[in-house]
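Visitor: Got a file for you: upload_2.cif, mmCIF, C-alpha atoms and all ligand atoms.
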```
data_entry
loop_
_atom_site.label_atom_id
_atom_site.label_comp_id
_atom_site.auth_asym_id
_atom_site.auth_seq_id
_atom_site.Cartn_x
_atom_site.Cartn_y
_atom_site.Cartn_z
CA MET X 8 -19.05 -30.04 0.89
CA THR X 9 -16.51 -28.94 3.51
CA LEU X 10 -12.93 -29.13 2.38
CA SER X 11 -10.17 -30.29 4.70
CA TYR X 12 -7.75 -27.65 3.45
CA SER X 13 -10.12 -24.71 4.05
CA ASN X 14 -10.12 -25.25 7.82
CA GLU X 15 -6.64 -23.87 8.35
CA THR X 16 -7.03 -20.76 10.46
CA ASN X 17 -4.14 -18.45 9.90
CA GLY X 18 -2.30 -19.14 6.68
CA ALA X 19 -2.28 -17.51 3.27
CA TRP X 20 -5.19 -19.62 1.99
CA ARG X 21 -7.33 -18.31 4.88
CA THR X 22 -6.39 -14.74 3.91
CA TYR X 23 -7.43 -15.44 0.32
CA LEU X 24 -10.77 -17.00 1.40
CA GLU X 25 -11.55 -13.92 3.49
CA GLN X 26 -10.80 -11.71 0.50
CA ILE X 27 -13.24 -13.76 -1.58
CA ASP X 28 -15.92 -13.52 1.13
CA ARG X 29 -15.60 -9.73 1.03
CA VAL X 30 -16.22 -9.54 -2.71
CA ALA X 31 -19.19 -11.95 -2.84
CA PRO X 32 -21.86 -9.33 -1.93
CA TYR X 33 -20.87 -7.27 -4.98
CA LEU X 34 -21.26 -10.06 -7.53
CA SER X 35 -25.09 -10.34 -7.73
CA HIS X 36 -26.14 -13.49 -9.63
CA LEU X 37 -22.51 -14.46 -10.36
CA SER X 38 -22.03 -15.18 -6.66
CA ASN X 39 -23.82 -18.52 -7.41
CA TYR X 40 -20.52 -19.61 -8.88
CA ILE X 41 -18.29 -18.24 -6.11
CA ASP X 42 -17.43 -21.71 -4.76
CA THR X 43 -15.44 -22.22 -7.97
CA LEU X 44 -12.95 -19.75 -6.55
CA LYS X 45 -12.85 -21.31 -3.09
CA ARG X 46 -11.14 -24.51 -4.20
CA PRO X 47 -8.26 -25.22 -6.55
CA LYS X 48 -9.15 -27.02 -9.76
CA ARG X 49 -6.14 -29.34 -9.51
CA ALA X 50 -3.30 -29.82 -7.01
CA LEU X 51 -0.32 -32.08 -7.56
CA ILE X 52 2.09 -33.04 -4.78
CA VAL X 53 5.30 -34.69 -5.94
CA ASP X 54 8.28 -36.34 -4.32
CA VAL X 55 11.55 -34.95 -5.67
CA PRO X 56 14.47 -37.26 -4.83
CA ILE X 57 17.96 -36.15 -5.83
CA VAL X 58 21.49 -37.45 -5.42
CA MET X 59 23.47 -34.89 -3.42
CA ASP X 60 27.08 -34.07 -4.25
CA ASP X 61 28.25 -36.29 -1.38
CA GLY X 62 26.44 -39.29 -2.87
CA THR X 63 23.54 -39.40 -0.37
CA ILE X 64 19.91 -39.22 -1.52
CA GLN X 65 17.58 -36.49 -0.27
CA HIS X 66 13.86 -36.13 -0.85
CA PHE X 67 12.10 -32.79 -1.26
CA GLU X 68 8.39 -32.09 -1.51
CA GLY X 69 7.16 -30.26 -4.61
CA TYR X 70 3.80 -28.87 -5.67
CA ARG X 71 1.97 -27.47 -8.68
CA VAL X 72 -1.52 -26.12 -8.07
CA GLN X 73 -3.81 -24.98 -10.87
CA HIS X 74 -6.38 -22.86 -9.11
CA ASN X 75 -8.55 -21.85 -12.05
CA LEU X 76 -8.36 -22.41 -15.81
CA SER X 77 -11.66 -20.84 -16.89
CA ARG X 78 -10.04 -18.01 -18.86
CA GLY X 79 -7.03 -19.83 -20.32
CA PRO X 80 -3.93 -21.85 -19.43
CA GLY X 81 -2.59 -21.75 -15.91
CA LYS X 82 0.06 -19.11 -15.22
CA GLY X 83 2.25 -18.50 -12.22
CA GLY X 84 5.68 -18.84 -10.70
CA ILE X 85 7.70 -21.56 -9.02
CA ARG X 86 8.91 -20.86 -5.49
CA PHE X 87 11.95 -22.51 -3.90
CA HIS X 88 11.78 -21.73 -0.20
CA PRO X 89 12.01 -23.75 3.05
CA ASP X 90 8.51 -22.63 4.14
CA VAL X 91 6.69 -23.71 0.97
CA GLU X 92 3.65 -25.87 1.76
CA LEU X 93 0.41 -26.80 0.04
CA ASN X 94 -1.70 -24.17 1.78
CA GLU X 95 0.66 -21.41 0.69
CA VAL X 96 0.92 -22.64 -2.91
CA MET X 97 -2.89 -22.83 -3.10
CA ALA X 98 -3.19 -19.19 -2.01
CA LEU X 99 -0.45 -18.05 -4.37
CA SER X 100 -2.15 -19.89 -7.25
CA ALA X 101 -5.48 -18.26 -6.40
CA TRP X 102 -3.90 -14.81 -6.33
CA MET X 103 -2.56 -15.54 -9.83
CA THR X 104 -6.15 -16.28 -10.99
CA ILE X 105 -7.26 -12.90 -9.68
CA LYS X 106 -4.13 -11.11 -10.98
CA THR X 107 -4.36 -12.36 -14.57
CA ALA X 108 -8.05 -11.48 -14.62
CA VAL X 109 -7.57 -7.93 -13.24
CA VAL X 110 -5.12 -7.15 -16.04
CA ASN X 111 -7.33 -9.11 -18.46
CA LEU X 112 -4.58 -11.49 -19.57
CA PRO X 113 -5.93 -14.66 -21.25
CA PHE X 114 -4.71 -16.95 -18.46
CA GLY X 115 -5.94 -18.73 -15.38
CA GLY X 116 -3.95 -18.97 -12.16
CA ALA X 117 -1.39 -21.53 -11.01
CA LYS X 118 1.65 -21.75 -8.77
CA GLY X 119 4.28 -24.27 -7.86
CA GLY X 120 7.09 -24.71 -5.44
CA VAL X 121 9.56 -26.94 -3.70
CA ARG X 122 10.10 -26.97 0.04
CA VAL X 123 13.86 -26.35 -0.04
CA ASP X 124 16.41 -23.72 0.89
CA PRO X 125 18.11 -23.18 -2.48
CA ARG X 126 21.00 -21.37 -0.80
CA LYS X 127 21.99 -24.62 0.86
CA LEU X 128 22.35 -26.49 -2.45
CA SER X 129 25.31 -26.45 -4.83
CA THR X 130 24.62 -25.36 -8.42
CA ARG X 131 24.71 -29.01 -9.56
CA GLU X 132 22.24 -30.03 -6.82
CA LEU X 133 19.96 -27.12 -7.72
CA GLU X 134 19.99 -28.20 -11.36
CA ARG X 135 19.17 -31.81 -10.45
CA LEU X 136 16.34 -30.65 -8.17
CA THR X 137 14.90 -28.37 -10.86
CA ARG X 138 15.08 -31.02 -13.57
CA ARG X 139 13.53 -33.78 -11.43
CA TYR X 140 10.77 -31.45 -10.21
CA THR X 141 10.03 -30.39 -13.82
CA SER X 142 9.88 -34.00 -14.90
CA GLU X 143 7.47 -34.81 -12.04
CA ILE X 144 5.03 -32.00 -12.98
CA SER X 145 5.52 -32.30 -16.76
CA SER X 146 2.21 -34.09 -17.31
CA ILE X 147 0.24 -31.01 -16.27
CA ILE X 148 2.38 -28.15 -17.67
CA GLY X 149 2.80 -27.01 -21.28
CA PRO X 150 2.45 -23.84 -23.36
CA GLN X 151 -1.30 -24.41 -23.77
CA LYS X 152 -1.86 -25.98 -20.33
CA ASP X 153 0.09 -24.21 -17.62
CA ILE X 154 3.15 -21.98 -17.92
CA PRO X 155 5.53 -21.64 -14.93
CA ALA X 156 7.77 -18.61 -14.31
CA PRO X 157 10.22 -17.39 -11.64
CA ASP X 158 9.14 -16.48 -8.12
CA VAL X 159 10.92 -16.23 -4.76
CA GLY X 160 14.11 -18.36 -4.87
CA THR X 161 14.03 -19.07 -8.62
CA ASN X 162 15.42 -17.18 -11.62
CA ALA X 163 16.12 -17.25 -15.37
CA ASN X 164 18.74 -20.04 -15.04
CA ILE X 165 16.21 -22.27 -13.34
CA MET X 166 13.68 -21.48 -16.09
CA ALA X 167 16.32 -22.50 -18.69
CA TRP X 168 16.72 -25.91 -16.98
CA MET X 169 12.92 -26.29 -16.82
CA MET X 170 12.55 -25.45 -20.51
CA ASP X 171 15.37 -27.82 -21.45
CA THR X 172 14.02 -30.71 -19.36
CA TYR X 173 10.50 -30.36 -20.76
CA SER X 174 11.79 -29.95 -24.34
CA THR X 175 14.17 -32.89 -24.08
CA THR X 176 11.35 -35.16 -22.93
CA GLU X 177 9.05 -33.94 -25.71
CA GLY X 178 11.81 -34.29 -28.32
CA HIS X 179 11.86 -30.69 -29.58
CA THR X 180 12.43 -27.20 -28.25
CA ILE X 181 9.31 -25.71 -26.68
CA THR X 182 10.28 -22.25 -25.46
CA GLY X 183 6.70 -21.26 -24.50
CA VAL X 184 6.47 -23.81 -21.65
CA VAL X 185 7.95 -21.33 -19.16
CA THR X 186 8.47 -17.56 -19.05
CA GLY X 187 11.20 -15.55 -17.36
CA LYS X 188 13.82 -17.44 -19.40
CA PRO X 189 17.20 -16.01 -20.41
CA VAL X 190 16.83 -13.69 -23.44
CA ASN X 191 18.97 -16.07 -25.57
CA LEU X 192 16.45 -18.87 -25.07
CA GLY X 193 13.26 -17.06 -26.01
CA GLY X 194 13.08 -14.86 -22.93
CA SER X 195 11.72 -11.33 -23.15
CA LEU X 196 13.62 -8.12 -22.74
CA GLY X 197 12.37 -6.23 -19.71
CA ARG X 198 11.05 -9.34 -17.90
CA VAL X 199 13.48 -9.27 -14.96
CA LYS X 200 12.65 -5.68 -14.10
CA ALA X 201 8.94 -5.88 -14.94
CA THR X 202 7.51 -6.60 -11.48
CA GLY X 203 9.38 -3.68 -9.85
CA ARG X 204 8.46 -1.48 -12.79
CA GLY X 205 4.81 -2.38 -12.32
CA VAL X 206 4.99 -1.45 -8.63
CA TYR X 207 6.28 1.95 -9.69
CA ILE X 208 3.70 2.43 -12.48
CA THR X 209 0.70 1.57 -10.30
CA GLY X 210 2.17 3.45 -7.31
CA ARG X 211 2.75 6.60 -9.35
CA HIS X 212 -0.80 6.45 -10.67
CA VAL X 213 -2.43 6.11 -7.25
CA ALA X 214 -0.04 8.63 -5.60
CA GLN X 215 -1.25 11.21 -8.07
CA LYS X 216 -4.91 10.35 -7.32
CA ILE X 217 -4.43 10.82 -3.56
CA GLY X 218 -2.34 13.98 -3.97
CA LEU X 219 0.96 12.49 -2.81
CA ASP X 220 3.98 13.98 -4.59
CA ILE X 221 6.61 11.43 -5.57
CA PRO X 222 9.50 13.96 -5.59
CA GLY X 223 10.66 14.21 -1.99
CA ALA X 224 8.50 11.28 -0.81
CA ARG X 225 10.13 8.97 1.77
CA VAL X 226 9.96 5.32 0.78
CA ALA X 227 10.54 2.19 2.88
CA VAL X 228 11.14 -1.11 1.13
CA GLN X 229 10.85 -4.56 2.72
CA GLY X 230 12.70 -7.17 0.66
CA PHE X 231 15.45 -6.00 -1.63
CA GLY X 232 15.41 -8.74 -4.26
CA ASN X 233 14.36 -8.42 -7.84
CA VAL X 234 11.09 -6.60 -7.06
CA GLY X 235 12.06 -4.31 -4.17
CA SER X 236 15.35 -3.13 -5.66
CA GLU X 237 13.92 -2.26 -9.08
CA ALA X 238 10.94 -0.42 -7.56
CA ALA X 239 13.37 1.46 -5.27
CA LEU X 240 15.52 2.48 -8.26
CA LEU X 241 12.53 3.82 -10.19
CA PHE X 242 11.26 5.80 -7.20
CA VAL X 243 14.71 7.31 -6.71
CA GLU X 244 14.85 8.20 -10.43
CA ALA X 245 11.56 10.04 -9.87
CA ASN X 246 13.26 11.98 -7.02
CA ALA X 247 11.80 10.11 -4.08
CA LYS X 248 14.13 9.04 -1.22
CA VAL X 249 14.47 5.45 -0.07
CA THR X 250 14.98 6.01 3.66
CA HIS X 251 14.46 2.47 5.05
CA VAL X 252 15.22 -1.02 3.79
CA GLN X 253 14.59 -4.35 5.52
CA ASP X 254 15.46 -7.89 4.46
CA HIS X 255 16.14 -11.27 6.09
CA SER X 256 19.50 -9.96 7.39
CA GLY X 257 18.13 -6.88 9.21
CA SER X 258 16.92 -3.29 8.78
CA ILE X 259 18.82 -0.13 7.76
CA ALA X 260 17.88 3.55 7.63
CA ASN X 261 19.22 6.84 6.32
CA ALA X 262 16.98 9.92 6.58
CA GLU X 263 18.90 11.60 3.74
CA GLY X 264 18.13 8.69 1.43
CA ILE X 265 20.00 5.43 0.89
CA ASP X 266 22.20 5.22 -2.21
CA VAL X 267 20.17 2.48 -3.89
CA VAL X 268 22.69 1.87 -6.68
CA ALA X 269 25.46 1.37 -4.10
CA LEU X 270 23.20 -0.96 -2.08
CA ILE X 271 22.43 -3.09 -5.15
CA ASP X 272 26.17 -3.25 -5.77
CA TYR X 273 26.80 -4.22 -2.12
CA LEU X 274 24.32 -7.11 -2.46
CA LYS X 275 26.37 -8.64 -5.27
CA THR X 276 28.93 -9.71 -2.66
CA HIS X 277 26.83 -9.80 0.54
CA ASP X 278 23.90 -12.01 1.54
CA GLY X 279 21.74 -9.14 2.85
CA VAL X 280 21.54 -5.40 3.54
CA ALA X 281 23.03 -5.72 7.06
CA GLY X 282 26.45 -4.12 7.28
CA PHE X 283 25.90 -1.66 4.42
CA THR X 284 27.90 1.40 5.45
CA GLY X 285 25.71 4.00 3.72
CA ALA X 286 22.98 3.63 6.39
CA THR X 287 22.50 2.93 10.10
CA ALA X 288 21.30 -0.41 11.41
CA ILE X 289 17.90 -0.19 13.15
CA ASP X 290 15.77 -2.67 15.04
CA ASN X 291 13.44 -4.74 12.80
CA GLU X 292 10.28 -3.51 14.56
CA GLN X 293 11.43 0.14 14.24
CA PHE X 294 11.16 -0.31 10.47
CA TRP X 295 7.37 -0.51 10.82
CA GLU X 296 7.16 2.74 12.83
CA ALA X 297 9.35 4.83 10.53
CA ASP X 298 8.44 8.32 9.33
CA ILE X 299 7.68 7.52 5.72
CA ASP X 300 5.16 8.30 2.99
CA ILE X 301 5.23 5.06 1.00
CA LEU X 302 5.74 1.48 2.17
CA ILE X 303 6.65 -1.22 -0.34
CA PRO X 304 6.37 -4.72 1.16
CA ALA X 305 8.25 -6.77 -1.45
CA ALA X 306 9.18 -9.90 0.49
CA LEU X 307 6.81 -12.67 1.57
CA GLU X 308 3.15 -12.94 2.58
CA GLY X 309 1.83 -12.23 6.09
CA GLN X 310 4.11 -9.27 6.95
CA ILE X 311 1.59 -6.52 7.80
CA THR X 312 -0.12 -7.62 10.98
CA VAL X 313 -2.78 -5.56 12.72
CA GLU X 314 -0.19 -4.42 15.31
CA ARG X 315 2.11 -3.14 12.57
CA ALA X 316 -0.82 -1.58 10.70
CA GLU X 317 -1.71 0.37 13.87
CA LYS X 318 1.73 2.01 13.95
CA LEU X 319 2.40 2.49 10.25
CA LYS X 320 2.95 6.13 9.28
CA ALA X 321 2.86 5.74 5.48
CA ARG X 322 0.03 7.18 3.39
CA LEU X 323 0.41 4.63 0.65
CA VAL X 324 1.22 0.88 0.71
CA LEU X 325 2.35 -0.72 -2.54
CA GLU X 326 2.11 -4.51 -2.31
CA GLY X 327 5.07 -5.74 -4.33
CA ALA X 328 4.84 -9.12 -2.54
CA ASN X 329 1.91 -11.50 -2.83
CA GLY X 330 -0.40 -11.45 0.19
CA PRO X 331 1.69 -9.28 2.54
CA THR X 332 -1.33 -7.89 4.44
CA TYR X 333 -3.60 -9.87 6.80
CA PRO X 334 -7.33 -9.09 6.39
CA ASP X 335 -7.63 -7.48 9.86
CA ALA X 336 -4.57 -5.32 9.10
CA ASP X 337 -6.21 -4.40 5.81
CA ASP X 338 -9.24 -3.14 7.77
CA MET X 339 -6.98 -1.22 10.16
CA LEU X 340 -5.12 0.50 7.33
CA ASN X 341 -8.39 1.43 5.63
CA LYS X 342 -9.80 2.78 8.88
CA ARG X 343 -6.69 4.92 9.29
CA GLY X 344 -7.07 6.33 5.75
CA ILE X 345 -3.96 4.60 4.40
CA THR X 346 -4.36 3.63 0.75
CA ILE X 347 -3.27 0.14 -0.32
CA VAL X 348 -2.52 -0.75 -3.92
CA PRO X 349 -3.25 -4.49 -3.69
CA ASP X 350 -0.79 -7.17 -4.85
CA VAL X 351 -3.11 -8.44 -7.59
CA ILE X 352 -2.57 -5.24 -9.55
CA CYS X 353 0.54 -3.75 -7.89
CA ASN X 354 2.87 -6.67 -8.68
CA ALA X 355 1.14 -7.71 -11.92
CA GLY X 356 3.94 -6.23 -14.06
CA GLY X 357 5.85 -9.52 -13.91
CA VAL X 358 3.06 -11.72 -15.21
CA THR X 359 2.15 -9.07 -17.79
CA VAL X 360 5.62 -9.22 -19.35
CA SER X 361 5.46 -13.02 -18.96
CA TYR X 362 2.38 -12.81 -21.17
CA PHE X 363 4.35 -10.73 -23.67
CA GLU X 364 7.13 -13.34 -23.55
CA TRP X 365 4.66 -16.17 -24.21
CA VAL X 366 3.13 -14.24 -27.14
CA GLN X 367 6.62 -13.56 -28.56
CA ASP X 368 7.57 -17.25 -28.20
CA MET X 369 4.37 -18.31 -30.00
CA ALA X 370 5.08 -15.91 -32.86
CA SER X 371 8.91 -16.40 -32.77
CA TYR X 372 9.05 -12.66 -33.24
CA PHE X 373 10.64 -10.49 -30.56
CA TRP X 374 9.98 -6.92 -29.53
CA SER X 375 12.34 -4.18 -28.38
CA GLU X 376 12.63 -3.34 -24.66
CA GLU X 377 11.13 0.06 -25.37
CA GLU X 378 8.08 -1.53 -26.98
CA ILE X 379 7.68 -3.91 -24.05
CA ASN X 380 7.93 -1.15 -21.44
CA GLU X 381 5.45 0.99 -23.36
CA ARG X 382 2.93 -1.84 -23.63
CA LEU X 383 3.42 -2.66 -19.93
CA ASP X 384 2.83 0.94 -18.94
CA LYS X 385 -0.31 1.15 -21.08
CA LEU X 386 -1.82 -2.12 -19.86
CA LEU X 387 -1.12 -1.57 -16.17
CA THR X 388 -2.20 2.07 -16.19
CA LYS X 389 -5.49 1.08 -17.83
CA ALA X 390 -6.04 -1.76 -15.34
CA MET X 391 -5.18 0.52 -12.40
CA ASP X 392 -7.59 3.12 -13.71
CA ASP X 393 -10.36 0.53 -14.06
CA VAL X 394 -9.75 -0.56 -10.46
CA TRP X 395 -9.80 3.06 -9.26
CA GLN X 396 -13.13 3.71 -11.06
CA SER X 397 -14.63 0.49 -9.74
CA ALA X 398 -13.65 1.47 -6.17
CA ALA X 399 -15.35 4.86 -6.63
CA GLN X 400 -18.46 3.28 -8.14
CA HIS X 401 -18.85 0.67 -5.38
CA ASP X 402 -17.46 2.85 -2.60
CA CYS X 403 -15.02 0.13 -1.57
CA THR X 404 -11.27 -0.39 -1.17
CA LEU X 405 -8.96 -0.84 -4.14
CA ARG X 406 -8.52 -4.50 -3.15
CA THR X 407 -12.24 -5.25 -3.18
CA ALA X 408 -12.58 -3.25 -6.42
CA ALA X 409 -9.82 -5.30 -8.06
CA TYR X 410 -11.52 -8.50 -6.87
CA ILE X 411 -14.88 -7.32 -8.24
CA LEU X 412 -13.40 -6.75 -11.71
CA ALA X 413 -11.46 -10.02 -11.66
CA CYS X 414 -14.21 -12.21 -10.19
CA GLU X 415 -16.74 -10.87 -12.69
CA ARG X 416 -14.44 -11.81 -15.58
CA ILE X 417 -13.68 -15.27 -14.17
CA LEU X 418 -17.26 -16.11 -13.20
CA ILE X 419 -18.76 -14.87 -16.47
CA ALA X 420 -16.32 -17.22 -18.24
CA ARG X 421 -17.36 -19.98 -15.82
CA SER X 422 -21.06 -19.46 -16.39
CA GLU X 423 -20.71 -19.15 -20.20
CA ARG X 424 -18.73 -22.40 -20.35
CA GLY X 425 -21.28 -24.18 -18.15
CA ILE X 426 -20.62 -27.22 -16.03
CA PHE X 427 -19.49 -30.39 -17.81
CA PRO X 428 -21.23 -32.82 -18.36
CA GLY X 429 -24.20 -30.44 -18.37
N1 LIG S 501 5.84 -15.05 -9.71
C1 LIG S 501 5.31 -13.84 -10.31
C2 LIG S 501 4.02 -13.46 -9.64
O1 LIG S 501 3.76 -13.81 -8.52
C3 LIG S 501 5.22 -13.93 -11.83
C4 LIG S 501 4.37 -15.02 -12.37
C5 LIG S 501 4.46 -15.18 -13.89
O2 LIG S 501 5.17 -14.42 -14.53
O3 LIG S 501 3.80 -16.09 -14.39
O4 LIG S 501 3.23 -12.72 -10.18
#
```
Reformat the file's structure so that it appears as structure tokens.
Ligand code: GLU
Guide:
Amino acid sequence: MTLSYSNETNGAWRTYLEQIDRVAPYLSHLSNYIDTLKRPKRALIVDVPIVMDDGTIQHFEGYRVQHNLSRGPGKGGIRFHPDVELNEVMALSAWMTIKTAVVNLPFGGAKGGVRVDPRKLSTRELERLTRRYTSEISSIIGPQKDIPAPDVGTNANIMAWMMDTYSTTEGHTITGVVTGKPVNLGGSLGRVKATGRGVYITGRHVAQKIGLDIPGARVAVQGFGNVGSEAALLFVEANAKVTHVQDHSGSIANAEGIDVVALIDYLKTHDGVAGFTGATAIDNEQFWEADIDILIPAALEGQITVERAEKLKARLVLEGANGPTYPDADDMLNKRGITIVPDVICNAGGVTVSYFEWVQDMASYFWSEEEINERLDKLLTKAMDDVWQSAAQHDCTLRTAAYILACERILIARSERGIFPG
């Protein structure tokens, strides 16, 4: 049956559907089940009314989408952003299904969000919004059902409020209902830096395969939040140079290499990279034409258009963001011999340490940061290697190879479980 939400022509869900269409020919008999992946299992839209500090009442729209639960509980972040809408949350939840399966974590895929600009709310308003949203989605989340985590616009404090709201309603503390919590409340060491670390681990692995030396490599980073800044730091520690940075405030460049530590410091008191004195301001479109070796899109989806892909000089693209590349741009980059490490493996470090956090919460036994980083390195390197081998075996891109591995795992689970009621 045709679905109303699949008709949308240009959004993130469309990008995801095209990615699924590209993998179908590789799935032999499992492709009978492919429609499972083309629709979310469950989507909840909630009204989130809150009393603002000035006494007025405002309503916000919230979502939680569980795309697929064949391999375990739903897993995926909560986004607070003014552009959040159902179509986007559906795509983000689907990418979580693929991501957890590529790394072979025992989870399905889910995502949630509220259409709000969190920067325009006071701390008290943000807390009220988070608690009311949590209460509205509480019937479908839980440590065995669906486990939220941070994403764009949310952080450990917000996870603490979510955990507290859920626990208060249930009558006892349930730390495992969300991941990405503060370490004092059952959070995991290493979780905040895990996504950026994963970008570095997978990037290093693929750079070596394509004969690109990290020392001396010129790196451009789009988005300098949690993911972009940590990846930048690790590349600089490995003697690469971060020559270009772009965020919502503008673009900056320094051919000698930007002092990433100083930039992170600058961002503690400034709302964006614009105005940072250790680099020169450049035009936003110039960022995409820069002389670089590695591009790390670590902001939002839909950033690499075919026009930008035509001009890009990098040899390697590391997708720290979810869904940054349009399918036609993907084709253009491949045609031009530019290697892409796809989001579903490149930024999987975050959900991998979320899995470690969930396991630690279940056992009430916590690991050292060293142990966590070692396990993360081992798991991601193995997954990246599997994807690399699969691409060689099928003579396809790393994205299609990652989708082959993931879709096989999901659809085997689907077919073994059968269709209720049989
Ligand atoms: N929001 C992150 C992502 O897109 C992390 C999700 C999680 O830890 O569950 O992968």
Visitor: Counting all atoms listed in the file, note down every residue that has an atom within 12 Å of the point (-21.0, -19.4, -16.3) (file coordinates), as a CSV table (one decimal) with C-alpha atoms, in the frame of the given file.
Guide:
```csv
chain,number,residue,atom,x,y,z
X,36,HIS,CA,-26.1,-13.5,-9.6
X,37,LEU,CA,-22.5,-14.5,-10.4
X,38,SER,CA,-22.0,-15.2,-6.7
X,39,ASN,CA,-23.8,-18.5,-7.4
X,40,TYR,CA,-20.5,-19.6,-8.9
X,41,ILE,CA,-18.3,-18.2,-6.1
X,43,THR,CA,-15.4,-22.2,-8.0
X,77,SER,CA,-11.7,-20.8,-16.9
X,78,ARG,CA,-10.0,-18.0,-18.9
X,414,CYS,CA,-14.2,-12.2,-10.2
X,415,GLU,CA,-16.7,-10.9,-12.7
X,416,ARG,CA,-14.4,-11.8,-15.6
X,417,ILE,CA,-13.7,-15.3,-14.2
X,418,LEU,CA,-17.3,-16.1,-13.2
X,419,ILE,CA,-18.8,-14.9,-16.5
X,420,ALA,CA,-16.3,-17.2,-18.2
X,421,ARG,CA,-17.4,-20.0,-15.8
X,422,SER,CA,-21.1,-19.5,-16.4
X,423,GLU,CA,-20.7,-19.2,-20.2
X,424,ARG,CA,-18.7,-22.4,-20.4
X,425,GLY,CA,-21.3,-24.2,-18.2
X,426,ILE,CA,-20.6,-27.2,-16.0
X,427,PHE,CA,-19.5,-30.4,-17.8
X,429,GLY,CA,-24.2,-30.4,-18.4
```
Visitor: For ligand LIG 501 (chain S), which residue out of X:Ile208, X:Ile144, X:Ile259, X:Ala201 is the nearest one, using all atoms listed in the file?
Guide: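 Smallest separation from ligand LIG 501 (chain S) among the options: X:Ala201.
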Visitor: Counting only C-alpha atoms, figure out which residue out of X:Lys188, X:Arg204, X:Lys275, X:Lys342 gets nearest to Phe242 in chain X.
Guide: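 Among the listed residues, the smallest separation from Phe242 in chain X belongs to X:Arg204.
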Visitor: Between CA of Gly116 in chain X and CA of Asn164 in chain X, what is the spacing in Å?
Guide: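 Separation between CA of Asn164 in chain X and CA of Gly116 in chain X: 22.9 Å.
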Visitor: Leaving out Ile289 in chain X and any residue of its chain fewer than 4 positions from it, which residues lie within 9 Å of it when counting all atoms listed in the file, given as a list in words?
Guide: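 In the requested form, the answer reads Gly257, Ser258, Ile259, Ala260, Gln293 and Phe294 of chain X.
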